[in-house]
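Right, one structure below, let's go through it.
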Amino acid sequence: KMQYPWMKTEDLQLASFGRSGEGWFDPWTLLSNMKRRAVEGGVTIINGCVNGVALAEHGALLHANIGDKNGQEEKISAHTYVMATGAWARESCMDSLLSQLGGLGTFKSWPVRPRKRCVFNFHCPSAVDLGIEGAGLIVDPSGVYFRPEGRKSGKFICGVSPSAVNDEDVCNFDSQDVDHNLYEDIIWPTLAARVPAFEEIKLKASWAGLYEYSTLDQNAFIGRMPSVANLLICNGFSGHGLQQSPAAGRAMAELICDGGYTTLDLSIFGVERLLTNPPTRVLERNIV
């Protein structure tokens with residue numbers, strides 16, 4: 001209460017507060033810098049999609065058919081392949097590959113699907129004077145979250161995951177197809193109840209994005225693909241991707257160059273957990 005006098009806490013019995021090592025960053029800037037450094041290191045980037053993969057009888061990928069934006073198709077052969085196509089795993093022939101393999105355990109299709117998440121930007125006129133703009137990322141027990149956007153701007157971004165019944169796979173994605181009922185019916189009332197000053201906020205902008213949603217446990221699959229010796233999987237982060245990407249990238253590099261993990265053991269996220277009966281879940285609570 002002393003730390004956040006502008007927040008209603010009477011209904012809370014317990015909370016978690018990070019004093020250090022916390023923060024946020026601009027996703028696009030980080031992604032652009034990583035891409036730039038990769039190109040400087042000799043990586044060739046082809047803007048296209050995977051139209052098909054060829055699987056040898058002995059269980060290895062022979063090549064991938066890549067179609068570029070001009071409609072040209074090229075066969076790409078490599079010693080090792082990494083599937084890290086995010087929400088587009090299904091379109092990158094993972095369902096087709098599982099069909100060729102006869103499935104993985106009880107899974108006949110790849111358990112990562114595109115799910116829409118909406119983000120809203122609002123302005124609170126009293127935020128700077130009340131000190132709200134100095135808050136970190138706040139996650140309400142309902143799952144509604146908000147954090148400041150910019151310094152002393154009075155602006156914030158917020159969101160919440162839709163209910164399970166409304167969280168459907170996305171077929172035709174449009175970043176402007178925003179669920180404003182989510183804001184009006186759930187987010188704004190929750191924000192106003194938790195922070196009284198937010199009763200006077202004004203919505204400024206909104207957009208939609210995609211989660212690469214792991215239908216198993218909302219955690220990533222990292223490691224070798226069972227039955228396909230030269231295919232590595234780095235997929236299904238379910239909203240954790242940008243945060244975990246440096247560690248996941250290092251893990252991929254170690255598997256390729258060293259044949260196994262040498263610094264961070266990420267075997268808990270192995271694809272093999274799809275083969276157990278029942279499948280092995282990595283459980284995490286309060287995923288936003």
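FYI, nothing fancy with the structure tokens labels: chains A, B, ... in order, residues from 1 per chain, ligands from 1 as they appear.
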Report as a list of chain:residue names all protein, DNA and RNA residues lying within 10 Å of Thr280 in chain A, evaluated on only C-alpha atoms, omitting residues in the same chain fewer than 4 positions from it.
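The neighbour list is A:Leu216, A:Asp217, A:Ile268, A:Phe269, A:Gly270, A:Val271, A:Glu272, A:Arg273, A:Leu274, A:Leu275, A:Thr276.
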Can you list, as number ranges by chain, every residue of range 202-268 of chain A that DSSP puts in alpha helix (DSSP H)?
A: 241-257
Considering only C-alpha atoms, return as number ranges by chain whatever protein or nucleic-acid residues lie within 12 Å of range 135-143 of chain A, sequence-local ones (same chain, fewer than 5 positions apart) excluded.
A: 3-9, 11-25, 127-128, 130, 148-152, 154-163, 186-187, 189-195, 285-288
Selection file, N, CA and C atoms, as a compact mmCIF listing (two decimals), in the first residue's frame:
```txt
# COMPACT_ATOMS: atom_id res chain seq x y z
N GLN A 3 3.93 1.40 -1.18
CA GLN A 3 4.65 1.43 -2.45
C GLN A 3 3.77 1.97 -3.57
N TYR A 4 2.49 1.57 -3.56
CA TYR A 4 1.56 1.97 -4.61
C TYR A 4 0.28 2.53 -3.98
N PRO A 5 0.32 3.74 -3.48
CA PRO A 5 -0.87 4.31 -2.83
C PRO A 5 -2.03 4.54 -3.78
N TRP A 6 -1.78 4.55 -5.06
CA TRP A 6 -2.82 4.78 -6.06
C TRP A 6 -3.57 3.50 -6.44
N MET A 7 -3.18 2.37 -5.84
CA MET A 7 -3.77 1.09 -6.18
C MET A 7 -4.65 0.57 -5.05
N LYS A 8 -5.81 0.04 -5.39
CA LYS A 8 -6.67 -0.59 -4.40
C LYS A 8 -6.18 -2.00 -4.12
N THR A 9 -5.88 -2.28 -2.86
CA THR A 9 -5.30 -3.57 -2.50
C THR A 9 -6.10 -4.30 -1.42
N ASP A 11 -8.57 -6.19 -1.43
CA ASP A 11 -9.00 -7.56 -1.73
C ASP A 11 -7.84 -8.51 -1.96
N LEU A 12 -6.60 -8.01 -1.80
CA LEU A 12 -5.41 -8.83 -2.05
C LEU A 12 -4.82 -9.33 -0.73
N GLN A 13 -4.43 -10.58 -0.69
CA GLN A 13 -3.77 -11.15 0.48
C GLN A 13 -2.29 -11.39 0.24
N LEU A 14 -1.91 -11.52 -1.01
CA LEU A 14 -0.52 -11.81 -1.33
C LEU A 14 -0.19 -11.25 -2.71
N ALA A 15 1.04 -10.78 -2.87
CA ALA A 15 1.50 -10.27 -4.15
C ALA A 15 2.99 -10.54 -4.30
N SER A 16 3.46 -10.51 -5.54
CA SER A 16 4.87 -10.70 -5.83
C SER A 16 5.43 -9.39 -6.39
N PHE A 17 6.60 -8.98 -5.88
CA PHE A 17 7.19 -7.71 -6.30
C PHE A 17 8.66 -7.91 -6.64
N GLY A 18 9.03 -7.58 -7.88
CA GLY A 18 10.42 -7.71 -8.31
C GLY A 18 11.19 -6.42 -8.07
N ARG A 19 12.20 -6.48 -7.24
CA ARG A 19 12.97 -5.27 -6.90
C ARG A 19 14.10 -5.00 -7.90
N SER A 20 14.57 -6.02 -8.58
CA SER A 20 15.68 -5.82 -9.52
C SER A 20 15.56 -6.84 -10.65
N GLY A 21 16.33 -6.59 -11.70
CA GLY A 21 16.32 -7.50 -12.83
C GLY A 21 15.02 -7.53 -13.59
N GLU A 22 14.22 -6.49 -13.44
CA GLU A 22 12.92 -6.41 -14.11
C GLU A 22 12.94 -5.27 -15.13
N GLY A 23 12.02 -5.33 -16.07
CA GLY A 23 11.94 -4.25 -17.04
C GLY A 23 11.29 -4.72 -18.32
N TRP A 24 11.34 -3.91 -19.34
CA TRP A 24 10.81 -4.26 -20.65
C TRP A 24 11.63 -3.58 -21.72
N PHE A 25 11.45 -4.00 -22.94
CA PHE A 25 12.20 -3.45 -24.05
C PHE A 25 11.30 -3.43 -25.27
N ALA A 127 -1.88 10.29 -14.32
CA ALA A 127 -0.89 9.25 -14.04
C ALA A 127 0.44 9.81 -13.55
N VAL A 128 0.92 10.87 -14.18
CA VAL A 128 2.22 11.44 -13.81
C VAL A 128 2.16 12.03 -12.41
N LEU A 130 0.17 11.33 -9.96
CA LEU A 130 -0.06 10.31 -8.93
C LEU A 130 1.09 9.32 -8.82
N PRO A 148 3.52 1.08 -18.08
CA PRO A 148 3.72 2.39 -18.72
C PRO A 148 4.33 2.23 -20.12
N GLU A 149 4.03 3.17 -20.96
CA GLU A 149 4.59 3.22 -22.31
C GLU A 149 5.22 4.59 -22.49
N GLY A 150 6.54 4.66 -22.40
CA GLY A 150 7.22 5.95 -22.47
C GLY A 150 7.43 6.54 -21.08
N ARG A 151 8.17 7.61 -21.01
CA ARG A 151 8.49 8.27 -19.74
C ARG A 151 7.67 9.55 -19.59
N LYS A 152 6.99 9.64 -18.46
CA LYS A 152 6.20 10.83 -18.12
C LYS A 152 5.24 11.22 -19.24
N GLY A 154 2.11 9.56 -19.42
CA GLY A 154 0.77 9.22 -18.98
C GLY A 154 0.13 8.13 -19.83
N LYS A 155 0.93 7.50 -20.70
CA LYS A 155 0.41 6.45 -21.57
C LYS A 155 0.79 5.06 -21.05
N PHE A 156 -0.09 4.11 -21.33
CA PHE A 156 0.09 2.74 -20.88
C PHE A 156 -0.37 1.79 -21.99
N ILE A 157 0.13 0.56 -21.94
CA ILE A 157 -0.45 -0.49 -22.76
C ILE A 157 -1.04 -1.53 -21.82
N CYS A 158 -2.04 -2.24 -22.30
CA CYS A 158 -2.72 -3.22 -21.46
C CYS A 158 -3.29 -4.34 -22.33
N GLY A 159 -3.73 -5.39 -21.68
CA GLY A 159 -4.33 -6.50 -22.40
C GLY A 159 -4.76 -7.60 -21.44
N VAL A 160 -5.33 -8.64 -21.99
CA VAL A 160 -5.69 -9.84 -21.23
C VAL A 160 -5.91 -10.96 -22.25
N SER A 161 -5.64 -12.18 -21.84
CA SER A 161 -5.91 -13.31 -22.72
C SER A 161 -7.41 -13.58 -22.75
N PRO A 162 -7.94 -13.94 -23.90
CA PRO A 162 -9.37 -14.26 -23.97
C PRO A 162 -9.67 -15.54 -23.23
N SER A 163 -10.93 -15.74 -22.91
CA SER A 163 -11.33 -16.99 -22.27
C SER A 163 -11.09 -18.16 -23.20
N ILE A 186 -14.07 -6.21 -20.18
CA ILE A 186 -13.21 -6.88 -19.20
C ILE A 186 -12.06 -5.99 -18.73
N ILE A 187 -11.27 -5.47 -19.68
CA ILE A 187 -10.04 -4.79 -19.31
C ILE A 187 -10.31 -3.48 -18.58
N PRO A 189 -13.05 -2.17 -17.04
CA PRO A 189 -13.63 -2.29 -15.70
C PRO A 189 -12.64 -2.83 -14.66
N THR A 190 -11.80 -3.77 -15.06
CA THR A 190 -10.82 -4.33 -14.13
C THR A 190 -9.77 -3.29 -13.76
N LEU A 191 -9.29 -2.53 -14.76
CA LEU A 191 -8.30 -1.48 -14.50
C LEU A 191 -8.87 -0.42 -13.57
N ALA A 192 -10.10 0.00 -13.82
CA ALA A 192 -10.72 1.05 -12.99
C ALA A 192 -10.95 0.58 -11.56
N ALA A 193 -11.26 -0.70 -11.40
CA ALA A 193 -11.47 -1.24 -10.05
C ALA A 193 -10.16 -1.35 -9.28
N ARG A 194 -9.07 -1.62 -9.99
CA ARG A 194 -7.77 -1.76 -9.33
C ARG A 194 -7.09 -0.42 -9.13
N VAL A 195 -7.22 0.49 -10.09
CA VAL A 195 -6.58 1.82 -10.03
C VAL A 195 -7.68 2.85 -10.30
N ARG A 285 1.76 -21.04 -14.04
CA ARG A 285 0.52 -20.35 -13.72
C ARG A 285 0.60 -18.88 -14.11
N ASN A 286 -0.56 -18.26 -14.27
CA ASN A 286 -0.65 -16.82 -14.54
C ASN A 286 0.10 -16.40 -15.80
N ILE A 287 -0.10 -17.14 -16.87
CA ILE A 287 0.48 -16.75 -18.15
C ILE A 287 -0.39 -15.66 -18.77
N VAL A 288 0.21 -14.54 -19.11
CA VAL A 288 -0.55 -13.44 -19.70
C VAL A 288 -0.18 -13.26 -21.18
```
In Å, how far is it from CA of Gly249 in chain A to CA of Thr29 in chain A?
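CA of Gly249 in chain A sits 17.3 Å away from CA of Thr29 in chain A.
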Go through A:Asp167, A:Leu203, A:Leu231, A:Gly239 and flag the residue nearest Ala64 in chain A, using only C-alpha atoms for the distances.
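Ranking A:Asp167, A:Leu203, A:Leu231, A:Gly239 by distance to Ala64 in chain A, first place goes to A:Leu231.
Between CA of Thr262 in chain A and CA of Ala248 in chain A the separation is 12.7 Å.
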Write down as a list in words the residues of range 59-127 of chain A whose backbone DSSP state falls under strand (DSSP E or B).
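Reading the DSSP output for range 59-127 of chain A, strand (DSSP E or B) covers Leu61, Leu62, His63, Ala64, Asn65, Ile66, Gly67, Asp68, Glu73, Glu74, Lys75, Ile76, Tyr81, Val82, Met83, Leu104, Phe107, Val112, Arg113, Pro114, Arg115, Lys116, Arg117, Cys118, Val119, Phe120, Asn121, Phe122 and His123 of chain A.
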A:Gly134, A:Gly209, A:Gly260, A:Gly67: which is nearest Gln176 in chain A, counting only C-alpha atoms?
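Using only C-alpha atoms, Gln176 in chain A sits closest to A:Gly209.
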Taking only C-alpha atoms into account, which of A:Gly48, A:Gly41, A:Pro114, A:Gly223 comes nearest Ala89 in chain A?
A:Pro114
When you look at Asp68 in chain A with a cut-off of 10 Å (counting only C-alpha atoms), what residues show up, excluding the ones that are within fewer than 3 positions of it in the same chain? I need them as a list of chain:residue names.
A:Ile46, A:Asn47, A:Gly48, A:Cys49, A:Val50, A:Asn51, A:Asn65, A:Gly71, A:Gln72, A:Glu73, A:Glu74
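Of the listed residues (A:Leu264, A:Phe221, A:Ala251, A:Ala54), A:Phe221 comes nearest to Ser238 in chain A; the distances count only C-alpha atoms.
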Pick out the residues sitting within 12 Å of Met225 in chain A, and hand them over as a count of residues only; count only C-alpha atoms, and ignore anything fewer than 4 positions along from it in its own chain.
30
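The coordinates place CA of Ser77 in chain A at 21.8 Å from CA of Ile222 in chain A.
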If we count only C-alpha atoms and set the cut-off at 9 Å, which residues sit around His58 in chain A, ignoring sequence neighbours fewer than 3 positions away in its own chain? Please answer as a PyMOL selection string.
chain A and resi 55+227-228
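Excluding Arg115 in chain A itself and any same-chain residue fewer than 3 positions from it, the protein and nucleic acid residues within 7 Å of it, counting only C-alpha atoms, are Asp167, Glu168, Asp169, Val170, Leu210, Tyr211, Glu212 and Tyr213 of chain A.
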